[in-house]
Amino acid sequence: MEKLVNILLKVTMLRNDAPCRIPSIVFSYNWFMNKSPFFLAPEYRDYVWGGARLRPEIVPTAEAWVIFAGNRITSGPYAGRSLSDLSLTFGVDLLGTRAVALAGSRFPVLVKILDCAQWLSLQVHPNDEQAQRLEGEGFFGKTEAWHVLEAEPNAKLVAGIKPNISAEALTSAIRSKSEAILDFVEMVGVEAGDTLFMHPGTVHALGPGMLIYEIQQTSDITYRVYDWGRAETETRKLHIDKAIAVSNPNAASLPVKPPQMEDGEVTTLTQCQYFQLDEIRVGKKTVRLETGGESFHGLTVIEGQVRVEAEGEAFVLNKFDTLLIPACCGAYQIQPLQKGRVLKASV
């Protein structure tokens, strides 16, 4: 009876929203989502500041987008389809109740790995209200967090504005389009294992010598403030007026040092209303987890090799492989094949 009620509810929703699309959805797709996890193929971005760690054969490679709406599924019954397609088709089954409450059927997070061989532009992001005001209806802000995977000695980044800098002084420095802004920013030293949370409005920049895991809202709105003397081009413009509109002179961030973790432990590194980032340590113990229907779990191995078991299937993950666990999956477990660390992205 419960299954019949769920089917009738789905039919009702389809009739109310898009009646002309019922036949194609009914006959093309499985009605209920297959609960099995699936692998995602990363997409790469070849920005000028990138290095050689992500794709040694293609230099520079700056970013690997390992979890985002445009990723293609590479395993299981949905192989070849995009994550956004599955989000629209299966909604809460894939995304979970929390994710749907947050962003509807839109895939809500974007996860990247960044190889920083040079300074990234000094930049700032809007919040949701600012994004809609400056870019239009349907745009979202960009709250993000960084987890430092690798860092060379004395690696630094910019994480906000120094204390006691007025909005007027900051505006003047941004309008100069020059290195004068560097007198106002807070330079922070970081080490592998550090985590930083970046509120919208925080002026920031990643520096050279770092490999970074970044989780953020599904938004790529970036307002460049200063680009370290690089010439402005059509694809690398400064956004002075918008940057001034959203920059907060009181916003800054400090790195949170890595927690002491035991074998088999799961620890939350950072969380907010838009996402949660957990670290999982495995040496000899098996870690058992549960989605509870609340959120998908995006697993990315950052050290070692693990096996994930769910729905009677086993998946072997090597470094930087990403497996997505649908919210409807429920219970699954992570077993170490080598001593490893896994980052889990969820909502």
# chains A, B, ... in the order shown; residues from 1 in each chain; ligands from 1
call {"tool": "residues_around", "arguments": {"residues": "A:Met33", "least_positions_apart": "6", "cutoff": "9 Å", "atoms": "only C-alpha atoms", "output": "JSON, numbers by chain"}}
result
{"A": [86, 89, 90, 93, 94, 326, 328]}
call {"tool": "write_last_selection", "arguments": {"atoms": "N, CA and C atoms", "output": "PDB file, in the first residue's frame"}}
result
ATOM      1  N   LEU A  86      20.012  13.397 -13.001  1.00  0.00           N
ATOM      2  CA  LEU A  86      19.497  12.525 -11.949  1.00  0.00           C
ATOM      3  C   LEU A  86      18.811  13.322 -10.847  1.00  0.00           C
ATOM      4  N   THR A  89      15.369  14.118 -12.087  1.00  0.00           N
ATOM      5  CA  THR A  89      14.537  12.933 -12.255  1.00  0.00           C
ATOM      6  C   THR A  89      14.118  12.318 -10.930  1.00  0.00           C
ATOM      7  N   PHE A  90      15.058  12.215  -9.994  1.00  0.00           N
ATOM      8  CA  PHE A  90      14.796  11.468  -8.775  1.00  0.00           C
ATOM      9  C   PHE A  90      14.664  12.324  -7.524  1.00  0.00           C
ATOM     10  N   ASP A  93      15.128  11.217  -3.635  1.00  0.00           N
ATOM     11  CA  ASP A  93      15.786   9.911  -3.566  1.00  0.00           C
ATOM     12  C   ASP A  93      17.298  10.054  -3.692  1.00  0.00           C
ATOM     13  N   LEU A  94      17.742  10.911  -4.580  1.00  0.00           N
ATOM     14  CA  LEU A  94      19.172  11.149  -4.758  1.00  0.00           C
ATOM     15  C   LEU A  94      19.703  12.148  -3.739  1.00  0.00           C
ATOM     16  N   PRO A 326      23.689   7.783  -2.977  1.00  0.00           N
ATOM     17  CA  PRO A 326      22.369   8.435  -2.980  1.00  0.00           C
ATOM     18  C   PRO A 326      21.763   8.462  -1.584  1.00  0.00           C
ATOM     19  N   CYS A 328      18.880   7.756  -0.725  1.00  0.00           N
ATOM     20  CA  CYS A 328      18.003   6.610  -0.500  1.00  0.00           C
ATOM     21  C   CYS A 328      18.768   5.324  -0.226  1.00  0.00           C
TER      22      CYS A 328
END
call {"tool": "residues_around", "arguments": {"residues": "stretch 100-103 of chain A", "least_positions_apart": "6", "cutoff": "12 Å", "atoms": "only C-alpha atoms", "output": "ChimeraX atom specification"}}
result
/A:87-88,90-94,109,128,138-140,217-219,272-275,293-296,327,347
call {"tool": "closest_atom_pairs", "arguments": {"of": "stretch 235-299 of chain A", "to": "stretch 150-160 of chain A", "cutoff": "10 Å", "atoms": "only C-alpha atoms", "output": "tab-separated table"}}
result
residue	atom	partner	partner_atom	distance
A:Ser247	CA	A:Gly160	CA	9.4
A:Asn248	CA	A:Gly160	CA	8.4
A:Pro249	CA	A:Gly160	CA	7.6
A:Asn250	CA	A:Gly160	CA	7.8
A:Ala251	CA	A:Gly160	CA	5.6
A:Ala252	CA	A:Gly160	CA	3.9
A:Ser253	CA	A:Ala159	CA	5.3
A:Leu254	CA	A:Ala159	CA	7.2
A:Pro255	CA	A:Ala159	CA	9.1
call {"tool": "closest_residue", "arguments": {"among": "A:Leu120, A:Ala331, A:Leu323, A:Ile221", "to": "A:Gly76", "atoms": "only C-alpha atoms"}}
result
A:Leu323
call {"tool": "residues_around", "arguments": {"residues": "stretch 112-114 of chain A", "least_positions_apart": "6", "cutoff": "10 Å", "atoms": "only C-alpha atoms", "output": "VMD selection string"}}
result
chain A and resid 42 to 45 49 to 51 53 to 54 61 to 68 146 to 149 206 210 to 216 320
call {"tool": "select_by_dssp", "arguments": {"residues": "stretch 186-239 of chain A", "states": "strand (DSSP E or B)", "output": "VMD selection string"}}
result
chain A and resid 186 to 189 195 to 198 204 to 206 210 to 217 223 to 226
call {"tool": "closest_residue", "arguments": {"among": "A:Gln338, A:Gln260, A:Thr97, A:Ser82", "to": "A:Thr291", "atoms": "only C-alpha atoms"}}
result
A:Thr97
call {"tool": "atom_distance", "arguments": {"atom1": "atom CA of A:Arg224", "atom2": "atom CA of A:His204"}}
result
9.8 Å
call {"tool": "closest_residue", "arguments": {"among": "A:Ile240, A:Val190, A:Ala310, A:Ile174", "to": "A:Pro258", "atoms": "only C-alpha atoms"}}
result
A:Val190
call {"tool": "residues_around", "arguments": {"residues": "stretch 162-172 of chain A", "least_positions_apart": "4", "cutoff": "7 Å", "atoms": "only C-alpha atoms", "output": "list in words"}}
result
Ser176, Phe184, Val185, Glu186, Ile244 and Pro249 of chain A
call {"tool": "write_last_selection", "arguments": {"atoms": "C-alpha atoms", "output": "short mmCIF file (atom, residue, chain, number, x, y, z; two decimals), in the first residue's frame"}}
result
data_model
loop_
_atom_site.label_atom_id
_atom_site.label_comp_id
_atom_site.auth_asym_id
_atom_site.auth_seq_id
_atom_site.Cartn_x
_atom_site.Cartn_y
_atom_site.Cartn_z
CA SER A 176 42.96 51.59 -7.31
CA PHE A 184 44.96 45.81 3.83
CA VAL A 185 44.64 42.02 3.54
CA GLU A 186 45.33 39.39 6.20
CA ILE A 244 32.99 46.82 -3.47
CA PRO A 249 35.98 44.85 5.91
#
call {"tool": "residues_around", "arguments": {"residues": "A:Met261", "least_positions_apart": "5", "cutoff": "9 Å", "atoms": "only C-alpha atoms", "output": "MDAnalysis selection string"}}
result
chainID A and resid 266:267 280:281
call {"tool": "write_last_selection", "arguments": {"atoms": "N, CA and C atoms", "output": "PDB file, in the first residue's frame"}}
result
ATOM      1  N   VAL A 266      35.034   9.298  12.673  1.00  0.00           N
ATOM      2  CA  VAL A 266      34.474  10.271  11.735  1.00  0.00           C
ATOM      3  C   VAL A 266      34.354  11.604  12.468  1.00  0.00           C
ATOM      4  N   THR A 267      34.941  12.658  11.894  1.00  0.00           N
ATOM      5  CA  THR A 267      34.958  13.971  12.542  1.00  0.00           C
ATOM      6  C   THR A 267      34.478  15.036  11.572  1.00  0.00           C
ATOM      7  N   ILE A 280      37.016  11.009   7.474  1.00  0.00           N
ATOM      8  CA  ILE A 280      36.917   9.622   7.933  1.00  0.00           C
ATOM      9  C   ILE A 280      38.315   9.022   7.895  1.00  0.00           C
ATOM     10  N   ARG A 281      38.758   8.473   9.024  1.00  0.00           N
ATOM     11  CA  ARG A 281      40.068   7.834   9.109  1.00  0.00           C
ATOM     12  C   ARG A 281      39.877   6.315   9.174  1.00  0.00           C
TER      13      ARG A 281
END
call {"tool": "atom_distance", "arguments": {"atom1": "atom CA of A:Leu83", "atom2": "atom CA of A:Ser36"}}
result
14.3 Å
call {"tool": "select_by_dssp", "arguments": {"residues": "stretch 66-270 of chain A", "states": "alpha helix (DSSP H)", "output": "NGL selection string"}}
result
:A and (83-90 or 92-95 or 97-103 or 128-135 or 167-175 or 240-246)
call {"tool": "residues_around", "arguments": {"residues": "A:Lys284", "least_positions_apart": "4", "cutoff": "8 Å", "atoms": "only C-alpha atoms", "output": "NGL selection string"}}
result
:A and (263-264 or 335-336 or 339)
call {"tool": "closest_residue", "arguments": {"among": "A:Ile334, A:Ala131, A:Leu277, A:Val246", "to": "A:Ser346", "atoms": "only C-alpha atoms"}}
result
A:Leu277
